[in-house]
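**Q** For reference, the structure I am asking about is given below.
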Amino acid sequence: MSIVHPRPSVAKIAWGRLGIVATIVFWAIYVVTTIIREFIEQPGGFRFTMEAIGYLVVVSFLTFSALMYLIARQGALYRFRDHQRVPRAELDRHFREHAGGVTVLVPSYAEEPAVVRGTLWSAALQEFADLRIVLLVDDKPDPADDDDRRRLDATLALPTQIEEDMREPRERFTASRIDFETATDAGILDAELGAALLTRLADDYEAAAEWLEHMAETEAMDDHVDEFFIDQVLMGLASELRLSLLALRAALDQGAHPDRERMLELHLRLERIFTVSASAFQRKRYASLSHEANKAMNLNAYIGLMGKAWRLEESAAGTLLRRAESRGEADIVIPDSPYLLTLDADSLLLRDYCLRLVYFLEEPGNERVAVTQTPYSSFRGAPTRIERIAGATTDLQHILHQGMNYFGATFWVGANAVIRKPALEDIVQLETVGGFEIATYIQDRTVIEDTESSIDIGAHGWTLVNYPERLSYSATPPDFGSLVVQRRRWANGGLLILPKLRDQLRQRRFLRERVAFREVWLRVNYMASIAWASFGLLFLLAYPYDSRLLSPVVFLAALPYFLAMGSDLRYCGHRFTDIFRIYGFNLILLPVNLAGVLKSIQQAITGEKIPFVRTPKVRDRTAAPGLYVVVPYLIVAFSLYTLWRDVMAQNWGNAAFAAINASLAFYAIWNYIGIRDSFVDMWLGLLNWLYVPDRAPRKKRADAGVAAAPAEPGHVDWAGILYHGDRRLNRDLRGGNDRRRRVGTRRP
């Protein structure tokens, strides 16, 4: 898809407005002509009254979500119509003497090195004056498994390999820039000197393009993501450099040349493309940092170290990081930067991402913009049907997030973002855990940490903006098992954040800030629509509502939503008929979404954090939990039963609805789960339920205030006792006693 969105036509914008009006009008007509009319003309008993109220609530919530889709989509059309791309020369002029840097943080856990490599290269080729990439590896530092060890070593070696691969072109283009500045130090650039310098500059651009093209030719192409990396990241940048080369050659042929400042900017562009500082960091090597198993705390651990000097201190608990009084006595110095770029390890950035987003942040009037991003799109050419349909929903979300920005309801989508670091300093929360200060910039209370941080940022007077271009892409799950992990995580947490949104809105109104209804509606819909849509669909599937409540007007109220979605799918390169496939896709995801919502309710009651479960990114199929495979079959079976029952009762409206549900749900099972794979997953789920792995025997602990039996001197970890001050925390000592008991040695 094109980087810049095509300008929508006047007719498309007008039809979008009519769709919004039609949805509201048809819903109102339904309420008046069906619900109110039935109450007046044929008042029923208690059951009918409760059915009518329940059905109206379900239909109203679903219609509200459809209306929010249309409103957000309309906002996106307005933004695409009004967007003006900043010319390349203005970017070069702005960043000619730019001092601020960008630190790219790439959190990674158990990722395939090939996946991480593409992400790092897409970041390394970003053009910026001071670009640092830090790969935040969250794997166990010393894995016992040989395959895990080899994968970890390969991942940790990636930053050094990238720096080494870029060394030769970096040195060449740096030398060319220095020579140019030396030759033009007097500020005089006559025709002869200008032609000579322009010839060398053109040669450099040709060499840079050839270097990228050679890399593209030697890259392995194992899947559609590799193909995208070669075509769009490497060859896309090479094509832009060749376009500049064409202009430089044309200037030579015409006996002209750019002025000195423009030629210097062109030199700097080449130098910055191939200049990067890359490294890896493992927070789990340091006992003084948080080891919470989630992406947010992986980012927080490193952000908290930035701009400070640290010395290493060995202890019984492991290596500690202590703040150094001066840089001279420090073992580690973590540079600071005014901007952070968070990037998931399965995402790719297109050229100019850093340049254009930082330029936007530094434009006048954007001083209080904390986060800017381009909501990611899906990779083209996915080999599986489920990956293609999941990618279609991702592309729709890109449009909706762009439109929500128009109404001030922007949310941070965590796959990629440029963040102003002072904004994170404003929302940081400090706490002391185990004697060490832990800084939390990005909240980890829920597994959708980006959504909660969006509310925190807004509560401190900052704003978020989605840049209206396509500059980032991210992987979608290739099978049903990995999709279950992702969508269950997405469905969890929205309800927990609603109280924070309420408090933020109260504060803004107290400060006399205007809060538009559309912003509130869009935000609430974004966080809670999965909950009411899932329960609403469950009621429509399971409960036999009275046929008098059905009306064609309900279908007419939903028609603009489906027509708009089909148009958007076609705009994103998919098919109009994918609206039916997405409906079936959502049917089989119903148990997944319900599980995520119920997990949120559980978390609200217990107050415990939900563990962050990463989306598996492996080439083999990920098995889905048996329950999530059984329920889609139950949906099909119950829909067929409902169809038979309604046909017998001549309830044709409900019968048609049941037939559609059964057909599309079975189609989704067949194409997205697979009949054979579904039975394999159900069998594995049954085995996992029947067979329980052996548990290690519990270790006895000495109670506080009771003297523990003395251990043999050779088994005593004296350093652990002196550090922790409590024998119960000494794992080596407990392990020694356990080992002696297992071999039958009598305790002294």
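Going through the structure tokens in order, the chains are called A, B, and so on, while each chain numbers its residues from 1 and the ligands are numbered from 1 in the order shown.
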Give me the residues within 12 Å of Pro383 in chain A as a PDB file with N, CA and C atoms, in the first residue's frame, counting only C-alpha atoms and dropping any in the same chain fewer than 4 places off.
**A**
```pdb
ATOM      1  N   ASP A 222      12.361 -16.388   2.762  1.00  0.00           N
ATOM      2  CA  ASP A 222      11.666 -17.589   3.229  1.00  0.00           C
ATOM      3  C   ASP A 222      10.163 -17.407   3.348  1.00  0.00           C
ATOM      4  N   ASP A 223       9.705 -16.175   3.507  1.00  0.00           N
ATOM      5  CA  ASP A 223       8.263 -15.948   3.643  1.00  0.00           C
ATOM      6  C   ASP A 223       7.925 -14.560   3.154  1.00  0.00           C
ATOM      7  N   HIS A 224       6.655 -14.189   3.306  1.00  0.00           N
ATOM      8  CA  HIS A 224       6.181 -12.907   2.794  1.00  0.00           C
ATOM      9  C   HIS A 224       6.756 -11.727   3.562  1.00  0.00           C
ATOM     10  N   VAL A 225       7.139 -11.935   4.828  1.00  0.00           N
ATOM     11  CA  VAL A 225       7.757 -10.853   5.591  1.00  0.00           C
ATOM     12  C   VAL A 225       9.152 -10.556   5.051  1.00  0.00           C
ATOM     13  N   PHE A 379       1.405  -7.125   6.806  1.00  0.00           N
ATOM     14  CA  PHE A 379       2.224  -7.480   5.656  1.00  0.00           C
ATOM     15  C   PHE A 379       1.353  -8.092   4.565  1.00  0.00           C
ATOM     16  N   GLU A 387      -4.213 -15.692   8.605  1.00  0.00           N
ATOM     17  CA  GLU A 387      -3.316 -14.543   8.690  1.00  0.00           C
ATOM     18  C   GLU A 387      -3.800 -13.415   7.790  1.00  0.00           C
ATOM     19  N   ARG A 388      -4.356 -13.757   6.638  1.00  0.00           N
ATOM     20  CA  ARG A 388      -4.861 -12.714   5.742  1.00  0.00           C
ATOM     21  C   ARG A 388      -6.073 -12.014   6.341  1.00  0.00           C
ATOM     22  N   ILE A 389      -6.994 -12.791   6.948  1.00  0.00           N
ATOM     23  CA  ILE A 389      -8.195 -12.152   7.488  1.00  0.00           C
ATOM     24  C   ILE A 389      -7.849 -11.374   8.755  1.00  0.00           C
ATOM     25  N   GLY A 391      -4.999  -9.933   9.175  1.00  0.00           N
ATOM     26  CA  GLY A 391      -4.369  -8.733   8.624  1.00  0.00           C
ATOM     27  C   GLY A 391      -5.383  -7.728   8.126  1.00  0.00           C
ATOM     28  N   THR A 476       1.139 -10.461  11.794  1.00  0.00           N
ATOM     29  CA  THR A 476      -0.110 -10.966  12.357  1.00  0.00           C
ATOM     30  C   THR A 476       0.035 -12.471  12.598  1.00  0.00           C
ATOM     31  N   PRO A 477      -0.661 -13.012  13.588  1.00  0.00           N
ATOM     32  CA  PRO A 477      -0.509 -14.437  13.908  1.00  0.00           C
ATOM     33  C   PRO A 477      -0.830 -15.321  12.708  1.00  0.00           C
ATOM     34  N   PRO A 478      -0.003 -16.342  12.440  1.00  0.00           N
ATOM     35  CA  PRO A 478      -0.204 -17.187  11.260  1.00  0.00           C
ATOM     36  C   PRO A 478      -1.140 -18.369  11.485  1.00  0.00           C
ATOM     37  N   ASP A 479      -1.564 -18.617  12.717  1.00  0.00           N
ATOM     38  CA  ASP A 479      -2.436 -19.760  12.983  1.00  0.00           C
ATOM     39  C   ASP A 479      -3.364 -19.424  14.137  1.00  0.00           C
ATOM     40  N   ARG A 619       7.707 -20.719  13.246  1.00  0.00           N
ATOM     41  CA  ARG A 619       7.311 -21.187  11.922  1.00  0.00           C
ATOM     42  C   ARG A 619       6.372 -22.389  12.004  1.00  0.00           C
ATOM     43  N   TYR A 672      -9.995 -21.288   8.959  1.00  0.00           N
ATOM     44  CA  TYR A 672      -9.092 -20.583   9.864  1.00  0.00           C
ATOM     45  C   TYR A 672      -8.520 -21.486  10.953  1.00  0.00           C
TER      46      TYR A 672
END
```
**Q** Pull the alpha helix (DSSP H) assignments for range 102-253 of chain A out of DSSP run on the backbone, and list those residues as a ChimeraX atom specification.
**A** /A:113-124,146-165,167-183,191-218,224-228,235-253
**Q** Skip range 204-217 of chain A itself and residues of its chain fewer than 6 positions away, then list as a ChimeraX atom specification all residues within 12 Å of it, counting only C-alpha atoms.
**A** /A:118,121,125,165-166,168-177,197-198,226-249,263,266-274
**Q** Would you list the contacts of range 483-489 of chain A as a PyMOL selection string, taking every protein, DNA or RNA residue within 12 Å and counting only C-alpha atoms, but skipping same-chain residues closer than 5 positions in sequence?
**A** chain A and resi 386-387+389-391+393-394+446-449+475-478+494+530-531+585-586+588-600+610-617+621-629+672-673
**Q** List as a VMD selection string the protein and nucleic acid residues near range 367-375 of chain A, meaning an atom at most 10 Å away when only C-alpha atoms are counted, but skip any in the same chain fewer than 3 places from it.
**A** chain A and resid 339 to 342 349 353 to 354 357 to 358 360 to 364 394 to 395 397 to 402 410 to 424 454 457 to 458 461 to 474
**Q** Which residues come within 12 Å of Ala183 in chain A, counting only C-alpha atoms, excluding same-chain residues fewer than 3 positions away, as JSON, numbers by chain?
**A** {"A": [176, 177, 178, 179, 180, 186, 187, 188, 189, 190, 193, 194, 196, 197, 260, 264]}
**Q** Skipping near chain neighbours, those fewer than 3 positions away, what residues fall within 6 Å of range 293-309 of chain A using only C-alpha atoms, listed as a ChimeraX atom specification?
**A** /A:324,327,330,332-336,439-442,444,612
